[in-house]
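First comes the structure, then the notes that go with it.
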Amino acid sequence: EDDAPWKAAHIRTILERNEIKWKTLADIGCGTGAIVGLLSKDYPQSRMEGFEVSPYAHDLSRKRASENLSFSMENAFQSGKQFDVTMAIDVVEHVENPFEFLRAMRTMSRWQVIHIPLDMNALAVGRGWVLPEARRALGHIHYFSRDSALSMIAEAGLETIDSFYTAWAIDQSYKTWKKRLAAWPRRLAFRAAPDATVRLVGGWSLMVLSRSKPT
């Protein structure tokens, strides 16, 4: 939950810089509701709902419910509800069939906000243990690069409107001295060659705003 303000800020950025007009939003796989809880305070005139299938996480999320925010412990795609915006923040890499998941988001909303860790990079592959550790410790069962993430989104019937990197390895480097030390070469390399740096050393995720294509 400690990175919820960081993620919420990026969500606000991608919605506001594209001037998306919306009133309703669903957070699919909302966990304890920290992110959508912050957004509900930023947009008090909106109506938001968080969906989560874990009983433990859902029980914690209910403490954040308010006049414009509710939580449901159910499969969002079986709820029959429609929203202007659906978002999946660090969720796609956990689901068994991400294509099916994204297609379901397409039918549930006109706009989608998707945040995907970019685990697939040369350093992670070369070191050998990084991707297995992401699977064991974080539950990532799919590993993406920028190109594979955007291709998947397009193949699921969504049109990418905007995207940008989010530098979690730099922005959250305050947590340990090793992370602070590693952040400086990443920062300098990214300024010189952003796409190449992300492909080579990793440490970034991808924030995407998409729109449902006509069927």
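If you're wondering about the labels, chains in the structure tokens are A, B, ... by order shown, residues count from 1 in each chain, ligands from 1 in order shown.
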Give one line per residue of stretch 16-116 of chain A that approaches stretch 156-168 of chain A to at most 7 Å, naming the two atoms of the closest pair and their distance in Å to one decimal, counting only C-alpha atoms; sort by chain then ascending residue number and deliver it as a Markdown table.
| residue | atom | partner | partner_atom | distance |
| --- | --- | --- | --- | --- |
| A:Phe99 | CA | A:Ala156 | CA | 5.5 |
| A:Leu102 | CA | A:Ala156 | CA | 5.9 |
| A:Arg103 | CA | A:Ala156 | CA | 5.3 |
| A:Arg106 | CA | A:Leu158 | CA | 6.7 |
Subject >> 9 Å contact set for A:Glu93, only C-alpha atoms, chain neighbours under 5 positions out, as an NGL selection string >> reply: :A and (98 or 116-117 or 139-144)
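With distances taken over only C-alpha atoms, A:Ala8 is the one residue among A:Ile14, A:Ala8, A:Ile20, A:Ala134 lying closest to A:Leu38.
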Could you name the residues that touch A:Gly126 at 12 Å or less, counting only C-alpha atoms, but leaving out those on the same chain fewer than 5 positions away, as a CSV table (one decimal) with all heavy atoms, in the first residue's frame?
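Produced file around_4.csv, reproduced below:
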chain,number,residue,atom,x,y,z
A,120,MET,N,10.5,-7.9,-18.4
A,120,MET,CA,11.3,-8.5,-19.4
A,120,MET,C,12.4,-7.5,-19.9
A,120,MET,O,12.0,-6.6,-20.7
A,120,MET,CB,10.5,-9.0,-20.6
A,120,MET,CG,11.3,-9.8,-21.6
A,120,MET,SD,12.0,-11.3,-20.9
A,120,MET,CE,10.6,-12.3,-20.6
A,121,ASN,N,13.6,-7.7,-19.5
A,121,ASN,CA,14.7,-6.9,-19.9
A,121,ASN,C,16.0,-7.7,-19.9
A,121,ASN,O,16.0,-8.8,-19.3
A,121,ASN,CB,14.8,-5.6,-19.0
A,121,ASN,CG,15.0,-6.0,-17.5
A,121,ASN,OD1,16.1,-6.4,-17.1
A,121,ASN,ND2,13.9,-5.9,-16.8
A,131,LEU,N,13.4,-13.2,-12.9
A,131,LEU,CA,12.1,-13.6,-13.3
A,131,LEU,C,11.5,-14.7,-12.5
A,131,LEU,O,10.3,-14.6,-12.1
A,131,LEU,CB,12.1,-14.0,-14.8
A,131,LEU,CG,12.5,-12.8,-15.8
A,131,LEU,CD1,12.4,-13.3,-17.2
A,131,LEU,CD2,11.6,-11.6,-15.6
A,200,LEU,N,17.2,-2.7,-21.5
A,200,LEU,CA,18.5,-3.3,-21.1
A,200,LEU,C,18.5,-3.6,-19.6
A,200,LEU,O,18.9,-4.7,-19.2
A,200,LEU,CB,19.7,-2.4,-21.5
A,200,LEU,CG,20.0,-2.4,-23.0
A,200,LEU,CD1,21.1,-1.3,-23.2
A,200,LEU,CD2,20.4,-3.7,-23.5
A,201,VAL,N,18.2,-2.6,-18.7
A,201,VAL,CA,18.4,-2.8,-17.3
A,201,VAL,C,17.1,-2.9,-16.5
A,201,VAL,O,17.1,-3.3,-15.3
A,201,VAL,CB,19.2,-1.7,-16.7
A,201,VAL,CG1,20.6,-1.6,-17.4
A,201,VAL,CG2,18.6,-0.3,-16.9
A,202,GLY,N,15.9,-2.5,-17.1
A,202,GLY,CA,14.7,-2.6,-16.4
A,202,GLY,C,14.5,-1.6,-15.2
A,202,GLY,O,15.4,-0.7,-15.0
**OP:** Return as number ranges by chain the full set of residues in stretch 8-179 of chain A whose backbone-based DSSP assignment is strand (DSSP E or B).
**Re:** A: 24-28, 47-51, 66, 69-72, 83-89, 109-117, 158-166
**OP:** Taking the chain letters and numbering used in this document, name the residues of stretch 55-191 of chain A that DSSP puts in alpha helix (DSSP H), as JSON, numbers by chain.
**Re:** {"A": [55, 56, 57, 58, 59, 60, 61, 98, 99, 100, 101, 102, 103, 104, 105, 106, 107, 108, 122, 123, 124, 125, 126, 127, 130, 131, 132, 133, 146, 147, 148, 149, 150, 151, 152, 153, 154, 155, 168, 169, 170, 171, 177, 178, 179, 180, 181, 182, 183, 184, 185, 186, 187, 188, 189, 190, 191]}
Original post:
Could you pull the residues within 6 Å of stretch 81-85 of chain A, counting only C-alpha atoms, minus those fewer than 2 positions along the same chain, as a ChimeraX atom specification?
Top reply: /A:22,24-25,79,108-112
File dump, residues just selected, all heavy atoms, as a compact mmCIF listing (two decimals), in the first residue's frame:
# COMPACT_ATOMS: atom_id res chain seq x y z
N TRP A 22 -15.24 11.71 -17.64
CA TRP A 22 -15.78 10.49 -17.05
C TRP A 22 -16.47 10.81 -15.73
O TRP A 22 -16.16 11.80 -15.08
CB TRP A 22 -14.68 9.46 -16.84
CG TRP A 22 -13.60 9.92 -15.91
CD1 TRP A 22 -12.52 10.71 -16.19
CD2 TRP A 22 -13.50 9.63 -14.50
NE1 TRP A 22 -11.77 10.94 -15.08
CE2 TRP A 22 -12.34 10.29 -14.02
CE3 TRP A 22 -14.28 8.88 -13.61
CZ2 TRP A 22 -11.95 10.21 -12.69
CZ3 TRP A 22 -13.90 8.81 -12.28
CH2 TRP A 22 -12.74 9.47 -11.84
N THR A 24 -17.82 7.64 -13.91
CA THR A 24 -17.79 6.38 -13.17
C THR A 24 -16.51 5.62 -13.49
O THR A 24 -16.01 5.65 -14.61
CB THR A 24 -19.00 5.51 -13.53
OG1 THR A 24 -18.99 5.22 -14.94
CG2 THR A 24 -20.30 6.22 -13.17
N LEU A 25 -16.00 4.93 -12.47
CA LEU A 25 -14.73 4.22 -12.61
C LEU A 25 -14.77 2.94 -11.79
O LEU A 25 -15.26 2.94 -10.66
CB LEU A 25 -13.57 5.11 -12.15
CG LEU A 25 -12.15 4.54 -12.21
CD1 LEU A 25 -11.13 5.64 -12.52
CD2 LEU A 25 -11.78 3.87 -10.87
N SER A 79 -20.47 -9.00 -13.14
CA SER A 79 -21.37 -8.13 -12.37
C SER A 79 -22.47 -7.52 -13.23
O SER A 79 -23.49 -7.06 -12.71
CB SER A 79 -20.57 -7.00 -11.71
OG SER A 79 -20.07 -6.10 -12.70
N MET A 108 -16.66 -3.66 -20.76
CA MET A 108 -17.18 -3.07 -19.52
C MET A 108 -17.08 -1.55 -19.49
O MET A 108 -17.77 -0.89 -18.70
CB MET A 108 -16.42 -3.68 -18.34
CG MET A 108 -17.04 -3.47 -16.98
SD MET A 108 -16.13 -4.42 -15.72
CE MET A 108 -17.05 -3.95 -14.26
N SER A 109 -16.20 -0.99 -20.35
CA SER A 109 -15.99 0.46 -20.30
C SER A 109 -15.51 0.97 -21.65
O SER A 109 -14.97 0.20 -22.47
CB SER A 109 -14.94 0.81 -19.23
OG SER A 109 -13.68 0.27 -19.59
N ARG A 110 -15.65 2.28 -21.85
CA ARG A 110 -15.10 2.89 -23.06
C ARG A 110 -13.60 3.13 -22.92
O ARG A 110 -12.85 2.99 -23.88
CB ARG A 110 -15.80 4.22 -23.33
CG ARG A 110 -15.29 4.89 -24.62
CD ARG A 110 -15.87 6.26 -24.83
NE ARG A 110 -15.37 6.83 -26.08
CZ ARG A 110 -15.48 8.10 -26.43
NH1 ARG A 110 -16.11 8.95 -25.63
NH2 ARG A 110 -15.00 8.54 -27.58
N TRP A 111 -13.16 3.51 -21.72
CA TRP A 111 -11.75 3.83 -21.46
C TRP A 111 -11.17 2.85 -20.47
O TRP A 111 -11.86 2.38 -19.57
CB TRP A 111 -11.62 5.26 -20.90
CG TRP A 111 -12.24 6.33 -21.74
CD1 TRP A 111 -13.46 6.91 -21.58
CD2 TRP A 111 -11.66 6.95 -22.89
NE1 TRP A 111 -13.68 7.85 -22.55
CE2 TRP A 111 -12.58 7.91 -23.37
CE3 TRP A 111 -10.43 6.81 -23.56
CZ2 TRP A 111 -12.33 8.70 -24.48
CZ3 TRP A 111 -10.18 7.59 -24.67
CH2 TRP A 111 -11.13 8.53 -25.12
N GLN A 112 -9.87 2.57 -20.65
CA GLN A 112 -9.17 1.67 -19.73
C GLN A 112 -7.83 2.29 -19.33
O GLN A 112 -7.13 2.86 -20.17
CB GLN A 112 -8.89 0.30 -20.39
CG GLN A 112 -10.14 -0.44 -20.84
CD GLN A 112 -10.63 0.05 -22.20
OE1 GLN A 112 -9.85 0.50 -23.04
NE2 GLN A 112 -11.94 -0.04 -22.41
Original post:
Got a sec: who's within 12 Å of A:Met48, counting only C-alpha atoms, leaving out chain neighbours fewer than 5 positions off, as a ChimeraX atom specification?
Top reply: /A:22-28,30,33,35-43,64-72,81-87
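Separating atom CA of A:Pro44 from atom CA of A:Gly80 is a distance of 24.1 Å.
With only C-alpha atoms as the atoms that count, the residue of A:Lys178, A:Ile114, A:Ser145, A:Glu155 with the shortest distance to A:Val198 is A:Ser145.
Counting only C-alpha atoms and comparing A:Ala196, A:Val92, A:Ile170, A:Leu60, the residue that lies closest to A:Trp184 is A:Ile170.
In this model, the gap between atom CA of A:Pro185 and atom CA of A:Ala169 comes to 11.2 Å.
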**OP:** Go through A:Ile89, A:Glu100, A:Arg199, A:Ser54 and flag the residue nearest A:Ala124, using only C-alpha atoms for the distances.
**Re:** A:Arg199
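Rounded to one decimal, atom CA of A:Leu209 and atom CA of A:Val113 lie 4.8 Å from each other.
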